[in-house]
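S.K.: The structure follows.
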Amino acid sequence: MKKSFAILTLAILPILLSSAIGGRVFGQQVSPAEAVALARKGEYAAAAANLERAVTSGTVTPAVVEALYYSWVRQGEYLKARDRFEAWAKNNPNNVGIRLAAGRIDHIVGKYADALTHLNAVQNNPEIGLAARMEKASLLIDTGKRPEADVIYKKVVDDYQKGILSKKSDLRFVARSLWATDNFFDANETYKQIKKVDPQNAEAMVDWGDLLAYSTAPDLAVESYEDALAVDPNMPEALLGMAGNLEEDEEGSPRKALERVFEINPNSIEGNLIRASEQLDEEQYDNALKIVEKIFEINPQSTDAMSIVAVVHYVRGETDEFNKTEQKVKQINPEPGNLYYTLATSCVSLRLYKESVKFARKAVELNPSDYQSMSVLGVNLLRIGEEIEGVETLDRIYKNNPYDKPTVNTLRLTDSWQNFDRISTEHFRLKLNKKESGALAPYVSDLLEKAYKTLSAKYEFVPEGPIGFEMYPDHEDFAVRTLGVPGLGALGVCFGKLVVMDSPAARKPDEFNWGSTLWHEFTHVITLQMTDHKIPRWFSEGLSVYEERKAYPGWGDDMKLQFLQSIKSKDPKRQFLPIAQLNNGFIHQNYPGQILVSYYQSSLVADYIESKWGFPAIRKMLLLYKAGKGTSDVFKEGLNVTLGEFDTEFMKWVEAKAAAISPERYHTSFELGVKALEAGDADAAIKTLSDAVTMYPEYSDDDNAYEPLIQAYIKKGDKANAIATLKQFLNYSETSFPSYTLLSTMLEESGDIAGAARSLEGAMYVRPMELAGHEKLGLLTLKLKQYKDAEREYKTLLALNTTDRAGAYYHLAEANLGQGNKADAYKNVMESLKIAPTYQPAQSLLLQVR
Amino acid sequence: MKFWSLPFILLFPVLAHAESSALIISGVPGDEKFAAKYAKWTETTRKILTEEMGFTPNHVVVLADEKSTQVNIKEAFAKFKEQLKPADSFFLFLIGHGSYEDGPVQRSGNGPATSGGGTRGRGAAPPIPGAAASENPAAGYKFNNAGPDLTGKDLSDLLDSLNAGRFVVVNGTSNSGGATEVMAKKNRMIISATKTGFEGNDTVFYEYFLSGLQKAAADENKDHKISVWEAFKYAVDGTERFYKDAGRIATEHPQISDNGAPMTGVVPQAPVMASLTTFNVDVPVTVADAKLQAMLNQQKELQQKIETLQINKANMLAEDFDREFEKLILELSTVGQQIEEQKKK
């Protein structure tokens with residue numbers, strides 16, 4: 001049955017292929033040499049048809065056989081290749097090319113014992129023995145026999161040094177062996193040499209790209225893959241390299257490269273592994289399992305695919321199934337470093353940092369030269385607060401592989417910690433740059449403890465502490481602390497027990513509210529820890545934005561124009577995602593800005609749940625996630641709705657919010673209002689601009705109607721409405737420093753001291769180094785007898801090196817005394833008098849507190 | 001404790017009962033824009049000194065624009081020479097343009113050993129021991145007054161001609177750092193808008209300096225007087241903010257030389273003489289109530305003791321300073337309270 005099917009396939013294949021791919025008529029015969037050349041150019045189908053014909057008619061030179069092997073494998077014809085080469089090897093046991101190809105394909109499809117037999121048979125052949133030994137070494141590693149593989153690699157290096165290996169075709173294997181024996185520099189140099197002497201060696205260029213990718217130089221890796229593609233534009237290995245290393249952009253370049261892989265090789269094992277990993281990242285576990293089934297159809301022994309299965313069982317809490325899968329992998333590969341590496345990296349994607357450390361440690365124990373796993377171990381030790389071991393681990397990598405960028409970058413960063421102050425509060429351990437810690441520490445400490453108190457009470461959850469908090473004045477340092485490499489778009493990141501974020505100095509003025517960012521990240525501390533990190537990304541982000549909005553007027557995203565456009569879009573690709581797919585919006589953008597839309601959508605989901613079921617339902621959902629429930633079950637058990645029902649009702653609610661808004665009408669009203677204001681007609685401006693604000697109150701970005709409307713009210717002398725409009729504006733804008741200060745001044749003038757202080761406090765979350773603001777806020781809080789806040793203001797002023805240090809110490813002493821702390825009051829008033837001995841109010845206070 | 005008696009003796013006598021005199025020279029403005037600005041600065045300086053700082057009007061001389069000739073300036077100095085007493089303070093304000101030419105320049109005889117002009121850098125031939133570099137008469141700082149310019153050395157020599165206890169020079173001109181190089185010496189506080197003679201752009205420093213003299217915010221020690229150091233710090237802060245807010249690279253870096261010390265910007269340890277010398281004329285307070293007068297005298301005495309203690313802080317153990325300060329400040333505060341109560345009676 002199997003054999004007859006093969007014959008039928010052989011007969012019809014040229015016809016099928018000729019209809020499938022245009023450009024060349026595959027039925028047309030070319031010479032074996034021409035067919036080899038076609039294979040080299042990536043015309044696999046045409047090459048395979050001719051090469052198979054050549055082999056069956058007796059032309060079985062190693063070059064022809066190898067070209068046929070690659071032509072089939074690169075098209076995904078794994079099983080056909082297996083059947084053909086197995087059959088041919090049986091009939092031609094002495095043909096070394098056939099045996100090598102049979103060994104290679106058996107390795108791919110998991111027939112490891114058969115593969116070893118074929119490779120052993122030809123490993124000493126002078127023509128293809130080196131290639132066979134290299135394949136064997138790879139096979140030995142996959143089956144847990146690393147020491148034996150190392151012997152092979154070392155022998156290759158040794159032979160090269162002795163001059164036994166000197167052909168240009170040997171160089172690729174020499175380079176690979178140098179890499180395998182941790183001679184990274186020499187491996188790189190050898191690849192450079194290959195590029196000069198054998199530029200058509202696309203396989204070597206792919207290997208080089210892999211080495212550079214391993215050394216975390218993705219841009220250089222891409223160059224090597226491009227070199228390979230210049231030789232063979234369809235080479236799936238090179239396209240896979242591109243998919244893995246191209247920078248994510250608005251064009252979706254990595255995704256497009258992967259799509260190309262599947263156009264050429266619909267069964268690509270490596271491609272399916274990437275897709276399965278993406279599904280893991282998106283927390284789409286069933287999809288991941290479906291994809292690995294395709295791999296098992298080709299290689300039922302694939303430990304890489306089994307590793308994906310293990311991840312799914314692990315994150316679902318299916319301990320028995322996980323153990324069984326782990327044992328199954330171990331039966332094939334008793335030293336499954338890759339299994340633990342996959343688990344470690346997947347855990348990172350799923351924010352399970354402690355677990356990532358556990359698995360990376362296992363991988364390193366199995367292979368102390370596994371620097372990739374060691375890097376994961378080191379970086380994640382630092383993320384969970386194990387700084388000493390983390391740095392030691394990274395140091396170990398650096399000594400052996402100084403090319404690992406995350407390691408080098410992170411070590412540089414940890415070295416720079418000597419420039420950071422370490423400050424402890426009741427629940428937090430802060431690291432703040434010495435240049436700004438004095439000014440930021442009082443505010444940051446205060447807000448962190450406030451967030452802790454507020455959210456712990458609300459969620460009825462006490463997070464494990466102490467919680468690390470780090471702020472970096474250089475955005476790239478923050479990126480390195482987060483990812484190990486620069487180039488991160490985020491403002492802050494939470495690792496469960498550690499929050500890392502930009503300090504205000506890292507961002508452009510008035511574009512960043514550090515207070516809302518801190519609150520957002522601390523909410524993650526609660527939701528991650530509360531669910532044992534099992535909360536899906538979308539829900540965690542959604543709750544963080546939702547809590548921003550609750551924390552302070554104006555914090556957290558509101559319905560920006562881009563979000564409104566998404567709600568109103570007729571293009572399915574640009575619309576809000578169903579809950580089941582919402583994680584995708586955070587990982588793979590279908591359109592520019594989708595990540596921000598997904599944040600907003602997720603926050604609306606939280607708003608909607610609260611409005612319909614109340615906040616306890618959100619808490620219940622978190623507990624269901626902690627119990628290991630999937631999103632579908634969480635909605636069913638927590639809200640008594642299916643995901644489909646929820647999506648329908650949620651979208652109705654969202655669309656109702658947006659129904660009355662017309663961006664075009666808003667813009668027209670804005671322009672008319674501004675013109676009226678410029679013409680001096682405040683009444684007309686107020687009418688038109690009020691209409692715009694009423695229609696689309698959440699719009700607070702550039703060209704918003706609020707700001708000219710406020711000016712119109714001020715011009716008319718209508719302070720009450722100016723104040724009301726400012727307040728409304730600041731309910732939606734979190735970065736308008738001038739509006740915060742204007743509102744504060746107007747409220748103070750109207751006698752609302754508490755309101756004035758509150759507004760000025762809002763301004764300090766935008767410009768924390770603004771001296772005049774702190775001075776004013778200090779006086780307002782003292783007037784309000786808010787002594788704790790006043791203490792914070794005067795400590796900040798002193799740290800900012802205010803010119804009026806005597807005054808700041810005196811008021812700080814007043815704030816101390818207001819809180820009943822006579823000892824500090826005495827100490828601080830004394831400091832005031834050291835600067836200004838004749839300062840009469842300080843003298844009086846001294847006599848009061850002595 | 002054992003080190004602090006010497007500076008006490010040296011510094012204390014010049015604190016009390018001194019007169020202050022000032023010469024304000026505003027050079028040739030060049031165009032209308034500068035003319036208006038310099039005229040405003042000149043008049044504001046005069047008004048602040050006479051109306052807020054307690055200077056007797058006839059102790060303040062203004063030579064502006066075409067009146068700023070060498071002859072007039074030298075005449076003014078000659079009059080001050082007759083008027084000033086050894087305990088007095090003399091203030092020289094320079095408003096307008098300056099210029100600077102590189103090269104070896106003549107220095108004041110006993111000035112600080114600051115490095116001067118001349119060729120610098122690797123490869124330059126070392127000076128021959130014992131051989132003086134030839135002086136370039138055109139080199140160094142020049143103040144653009146009417147007619148032939150006065151050099152930094154000329155100004156320094158004119159100051160030398162006066163018999164005052166302390167000298168304060170506020171040089172707001174461009175290139176003014178080049179003047180300090182030759183004017184700095186003992187008993188002089190020289191403020192310049194620029195760090196060197198090579199900072200030749202128009203300056204904003206003087207604007208903030210005047211602002212500091214008028215604002216309570218500059219009065220760091222809240223004694224209702226503006227010291228030379230307080231005014232300098234305030235002006236430096238304003239100048240830095242000006243360039244930062246305008247998004248411009250700062251083309252002036254104000255400096256101060258205190259009592260012959262090398263030039264410096266704002267430093268944590270305030271220079272002693274600049275901290276103790278104020279623009280406010282020290283006027284003794286007298287009242288009819290004998291009891292109150294005794295208290296005021298006691299208050300003054302305690303203030304002077306505290307000042308002296310602070311001068312000597314660097315030479316004391318921290319705990320000794322703190323103990324002594326605590327004792328004195330409690331006494332001062334108590335007296336202050338008694339004065340207030342006495343005033344109410």
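Ligands are numbered from 1 in the order shown, residues from 1 within each chain, and chains are lettered A, B, ... in the order they appear in the structure tokens.
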Write out as a compact mmCIF listing (two decimals) with N, CA and C atoms, in the first residue's frame the residues lying within 7 Å of A:Leu239, counting only C-alpha atoms and excluding same-chain residues fewer than 4 positions away.
M.R.:
# COMPACT_ATOMS: atom_id res chain seq x y z
N MET A 235 15.20 29.95 -0.05
CA MET A 235 15.76 29.04 0.96
C MET A 235 15.01 29.18 2.30
N ALA A 243 12.61 35.64 9.71
CA ALA A 243 11.40 35.73 10.54
C ALA A 243 11.75 35.89 12.01
N ALA A 257 7.96 37.20 6.34
CA ALA A 257 9.05 36.22 6.07
C ALA A 257 8.57 34.82 6.41
N LEU A 258 7.83 34.72 7.51
CA LEU A 258 7.34 33.39 7.91
C LEU A 258 6.28 32.89 6.92
N VAL A 261 8.00 31.34 4.12
CA VAL A 261 8.49 29.99 4.44
C VAL A 261 7.40 28.97 4.10
S.K.: Could you write out, as a PyMOL selection string, all the residues of stretch 723-827 of chain A that DSSP marks as alpha helix (DSSP H)?
M.R.: chain A and resi 723-730+737-749+753-764+771-783+787-799+805-818+822-827
S.K.: Return the neighbours of chain B among the residues of chain A, cut-off 12 Å, counting only C-alpha atoms, as a CSV table (one decimal) with C-alpha atoms, in the first residue's frame.
M.R.:
chain,number,residue,atom,x,y,z
A,509,PRO,CA,8.9,67.1,28.9
A,770,GLU,CA,9.5,72.1,39.0
A,771,LEU,CA,10.7,74.2,41.9
A,772,ALA,CA,7.9,76.8,41.9
A,775,GLU,CA,7.1,75.7,46.7
A,801,ASN,CA,18.6,72.5,45.9
A,802,THR,CA,16.1,75.3,46.3
A,803,THR,CA,17.7,78.7,46.8
A,804,ASP,CA,15.5,79.2,49.9
A,805,ARG,CA,17.0,76.3,51.9
A,806,ALA,CA,16.4,78.1,55.2
A,807,GLY,CA,12.8,78.5,54.4
A,808,ALA,CA,12.4,74.9,53.2
A,809,TYR,CA,14.0,73.5,56.4
A,810,TYR,CA,11.8,75.8,58.5
A,826,TYR,CA,14.0,70.5,66.2
A,827,LYS,CA,16.6,69.0,63.9
A,829,VAL,CA,14.6,74.1,62.4
A,830,MET,CA,18.2,74.0,63.6
A,831,GLU,CA,19.3,73.4,60.0
A,832,SER,CA,17.2,76.4,58.9
A,833,LEU,CA,18.9,78.5,61.5
A,834,LYS,CA,22.4,77.4,60.6
A,835,ILE,CA,21.7,78.9,57.2
A,836,ALA,CA,19.7,81.9,58.5
A,837,PRO,CA,20.5,82.6,62.2
A,838,THR,CA,18.4,85.8,62.2
A,839,TYR,CA,15.3,84.1,60.7
A,840,GLN,CA,12.7,85.2,63.2
A,841,PRO,CA,10.0,82.6,62.5
A,842,ALA,CA,12.5,79.8,62.7
A,843,GLN,CA,13.8,81.2,66.0
A,844,SER,CA,10.2,81.2,67.4
A,845,LEU,CA,9.7,77.6,66.2
A,846,LEU,CA,13.0,76.6,67.8
A,847,LEU,CA,11.8,77.9,71.2
A,848,GLN,CA,8.6,76.0,70.7
A,849,VAL,CA,10.1,72.6,69.9
A,850,ARG,CA,13.2,72.6,72.1
S.K.: For A:Leu165, work out the shell of residues within 12 Å, counting only C-alpha atoms and skipping chain neighbours fewer than 4 positions away, then give it as a PyMOL selection string.
M.R.: chain A and resi 126-127+129-130+155-161+169-175
S.K.: For A:Arg422, work out the shell of residues within 9 Å, counting only C-alpha atoms and skipping chain neighbours fewer than 5 positions away, then give it as a PDB file with C-alpha atoms, in the first residue's frame.
M.R.:
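Final output, saved to part21.pdb:
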ATOM      1  CA  ARG A 429      13.079  48.699  47.978  1.00  0.00           C
ATOM      2  CA  LEU A 430      13.816  51.602  45.631  1.00  0.00           C
ATOM      3  CA  LYS A 431      16.728  52.100  43.276  1.00  0.00           C
ATOM      4  CA  LEU A 432      16.891  55.686  42.048  1.00  0.00           C
ATOM      5  CA  ASN A 433      19.691  57.413  40.212  1.00  0.00           C
TER       6      ASN A 433
END
S.K.: From a backbone DSSP assignment, name each residue in stretch 23-207 of chain B labelled strand (DSSP E or B), as a VMD selection string.
M.R.: chain B and resid 23 to 26 60 to 64 69 89 to 95 98 to 101 140 to 143 146 150 to 151 166 to 171 188 to 192
S.K.: Store the residues picked out above, limited to N, CA and C atoms, as a CSV table (one decimal), in the first residue's frame.
M.R.:
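File produced: out.csv:
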chain,number,residue,atom,x,y,z
B,23,LEU,N,30.9,103.1,42.4
B,23,LEU,CA,31.1,103.7,41.1
B,23,LEU,C,30.4,102.8,40.1
B,24,ILE,N,29.5,103.4,39.3
B,24,ILE,CA,28.8,102.6,38.3
B,24,ILE,C,29.3,103.2,37.0
B,25,ILE,N,30.0,102.3,36.2
B,25,ILE,CA,30.4,102.8,34.9
B,25,ILE,C,29.7,102.0,33.8
B,26,SER,N,29.0,102.7,33.0
B,26,SER,CA,28.3,102.1,31.8
B,26,SER,C,29.0,102.5,30.6
B,60,VAL,N,27.5,107.5,45.7
B,60,VAL,CA,27.3,106.7,44.5
B,60,VAL,C,27.5,107.6,43.2
B,61,VAL,N,28.5,107.2,42.4
B,61,VAL,CA,28.8,108.0,41.2
B,61,VAL,C,28.5,107.2,40.0
B,62,VAL,N,27.8,107.8,39.0
B,62,VAL,CA,27.5,107.1,37.8
B,62,VAL,C,28.2,107.8,36.6
B,63,LEU,N,28.9,107.0,35.8
B,63,LEU,CA,29.6,107.5,34.6
B,63,LEU,C,29.1,106.7,33.4
B,64,ALA,N,28.2,107.2,32.6
B,64,ALA,CA,27.5,106.4,31.6
B,64,ALA,C,27.8,106.9,30.2
B,69,THR,N,34.7,108.3,30.1
B,69,THR,CA,36.1,108.4,29.6
B,69,THR,C,37.1,108.1,30.7
B,89,SER,N,33.7,99.9,52.5
B,89,SER,CA,33.6,99.0,51.3
B,89,SER,C,33.4,99.8,50.0
B,90,PHE,N,34.0,99.4,49.0
B,90,PHE,CA,33.9,100.1,47.7
B,90,PHE,C,33.3,99.1,46.6
B,91,PHE,N,32.3,99.6,45.9
B,91,PHE,CA,31.7,98.7,44.9
B,91,PHE,C,31.9,99.3,43.5
B,92,LEU,N,32.4,98.5,42.6
B,92,LEU,CA,32.5,99.0,41.2
B,92,LEU,C,31.6,98.1,40.3
B,93,PHE,N,30.7,98.8,39.6
B,93,PHE,CA,29.8,98.1,38.7
B,93,PHE,C,30.2,98.4,37.3
B,94,LEU,N,30.5,97.4,36.5
B,94,LEU,CA,30.9,97.6,35.1
B,94,LEU,C,29.8,97.1,34.2
B,95,ILE,N,29.2,98.0,33.4
B,95,ILE,CA,28.1,97.6,32.5
B,95,ILE,C,28.5,97.9,31.1
B,98,GLY,N,32.7,94.3,26.7
B,98,GLY,CA,34.1,94.1,27.0
B,98,GLY,C,34.7,93.4,25.8
B,99,SER,N,36.0,93.3,25.8
B,99,SER,CA,36.7,92.6,24.7
B,99,SER,C,37.9,91.9,25.3
B,100,TYR,N,38.5,91.0,24.5
B,100,TYR,CA,39.6,90.3,25.0
B,100,TYR,C,40.5,89.8,23.9
B,101,GLU,N,41.8,90.0,24.1
B,101,GLU,CA,42.8,89.5,23.1
B,101,GLU,C,43.7,88.6,23.8
B,140,GLY,N,44.8,90.8,26.6
B,140,GLY,CA,44.0,90.8,27.9
B,140,GLY,C,42.6,91.5,27.7
B,141,TYR,N,42.0,91.7,28.8
B,141,TYR,CA,40.6,92.3,28.8
B,141,TYR,C,40.6,93.8,28.6
B,142,LYS,N,39.6,94.3,27.9
B,142,LYS,CA,39.4,95.7,27.9
B,142,LYS,C,37.9,96.1,28.1
B,143,PHE,N,37.7,97.1,28.9
B,143,PHE,CA,36.4,97.6,29.1
B,143,PHE,C,36.1,98.7,28.0
B,146,ALA,N,34.1,105.1,26.9
B,146,ALA,CA,34.3,106.2,25.9
B,146,ALA,C,35.8,106.5,25.7
B,150,LEU,N,39.8,101.1,28.9
B,150,LEU,CA,40.6,100.7,30.1
B,150,LEU,C,40.8,99.2,30.1
B,151,THR,N,42.0,98.8,30.4
B,151,THR,CA,42.3,97.4,30.5
B,151,THR,C,42.0,96.9,31.9
B,166,ARG,N,37.3,96.6,51.8
B,166,ARG,CA,36.9,95.6,50.9
B,166,ARG,C,36.5,96.2,49.6
B,167,PHE,N,36.7,95.4,48.6
B,167,PHE,CA,36.3,95.9,47.2
B,167,PHE,C,35.4,94.8,46.6
B,168,VAL,N,34.3,95.3,46.0
B,168,VAL,CA,33.4,94.4,45.3
B,168,VAL,C,33.3,94.9,43.8
B,169,VAL,N,33.7,94.0,42.9
B,169,VAL,CA,33.5,94.4,41.5
B,169,VAL,C,32.5,93.5,40.8
B,170,VAL,N,31.5,94.1,40.2
B,170,VAL,CA,30.5,93.3,39.5
B,170,VAL,C,30.7,93.7,38.0
B,171,ASN,N,31.3,92.8,37.3
B,171,ASN,CA,31.6,93.1,35.9
B,171,ASN,C,30.7,92.3,35.0
B,188,ARG,N,39.4,91.5,47.7
B,188,ARG,CA,38.6,91.9,46.6
B,188,ARG,C,37.6,90.7,46.3
B,189,MET,N,36.4,91.0,46.0
B,189,MET,CA,35.4,90.0,45.5
B,189,MET,C,35.1,90.4,44.1
B,190,ILE,N,35.5,89.6,43.1
B,190,ILE,CA,35.3,90.0,41.7
B,190,ILE,C,34.3,89.1,41.1
B,191,ILE,N,33.2,89.6,40.7
B,191,ILE,CA,32.2,88.8,40.0
B,191,ILE,C,32.3,89.1,38.5
B,192,SER,N,32.3,88.1,37.7
B,192,SER,CA,32.3,88.3,36.2
B,192,SER,C,31.1,87.5,35.6
S.K.: Give me, please, the distance in Å between atom CA of A:Val408 and atom CA of A:Asn183, quoted to one decimal.
M.R.: 17.7 Å
S.K.: Counting only C-alpha atoms, figure out which residue out of A:Asn95, A:Gln123, A:Ser739, A:Thr517 gets nearest to A:Thr59.
M.R.: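 Nearest to A:Thr59: A:Asn95.
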S.K.: Would you kindly return, as number ranges by chain, each protein, DNA or RNA residue with an atom no farther than 12 Å from any atom of A:Arg481, considering only C-alpha atoms and excluding same-chain residues fewer than 5 positions away?
M.R.: A: 378-383, 406-414, 416-417, 469-472, 474-476, 486-488, 492-495, 498-502
S.K.: Figure out the distance between atom CA of A:Tyr625 and atom CA of A:Gly317, please, to one decimal in Å.
M.R.: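 Answer for the atom CA of A:Gly317 to atom CA of A:Tyr625 separation: 11.2 Å.
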S.K.: Please identify all polymer residues within 9 Å of A:Gln562, counting only C-alpha atoms, omitting same-chain residues fewer than 4 positions from it, and present them as a list in words.
M.R.: Ser566, Ile567, Gly593, Leu596 and Val597 of chain A
S.K.: Suppose we keep N, CA and C atoms; can you now write the selection as a PDB file, in the first residue's frame?
M.R.:
ATOM      1  N   SER A 566     -11.072  52.877  15.606  1.00  0.00           N
ATOM      2  CA  SER A 566     -11.112  51.420  15.659  1.00  0.00           C
ATOM      3  C   SER A 566     -12.534  50.936  15.969  1.00  0.00           C
ATOM      4  N   ILE A 567     -13.192  51.619  16.902  1.00  0.00           N
ATOM      5  CA  ILE A 567     -14.564  51.234  17.269  1.00  0.00           C
ATOM      6  C   ILE A 567     -15.494  51.393  16.065  1.00  0.00           C
ATOM      7  N   GLY A 593      -0.243  50.881  15.773  1.00  0.00           N
ATOM      8  CA  GLY A 593      -0.971  51.361  16.952  1.00  0.00           C
ATOM      9  C   GLY A 593      -1.948  50.359  17.533  1.00  0.00           C
ATOM     10  N   LEU A 596      -1.785  49.875  21.345  1.00  0.00           N
ATOM     11  CA  LEU A 596      -2.439  50.888  22.186  1.00  0.00           C
ATOM     12  C   LEU A 596      -3.951  50.703  22.189  1.00  0.00           C
ATOM     13  N   VAL A 597      -4.482  50.350  21.017  1.00  0.00           N
ATOM     14  CA  VAL A 597      -5.929  50.083  20.938  1.00  0.00           C
ATOM     15  C   VAL A 597      -6.278  48.909  21.851  1.00  0.00           C
TER      16      VAL A 597
END
S.K.: Excluding A:Ile274 and any residue of its chain fewer than 3 positions from it, enumerate the residues within 9 Å of it, using only C-alpha atoms, and give them as a list in words.
M.R.: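 So, after excluding close chain neighbours, the residues are Leu240, Ala243, Gly244, Leu258, Ile269, Glu270, Gly271, Ser277, Glu278 and Gln279 of chain A.
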S.K.: In Å, how far is it from atom CA of A:Asn584 to atom CA of A:Val654?
M.R.: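 Between these atoms lies a distance of 20.0 Å.
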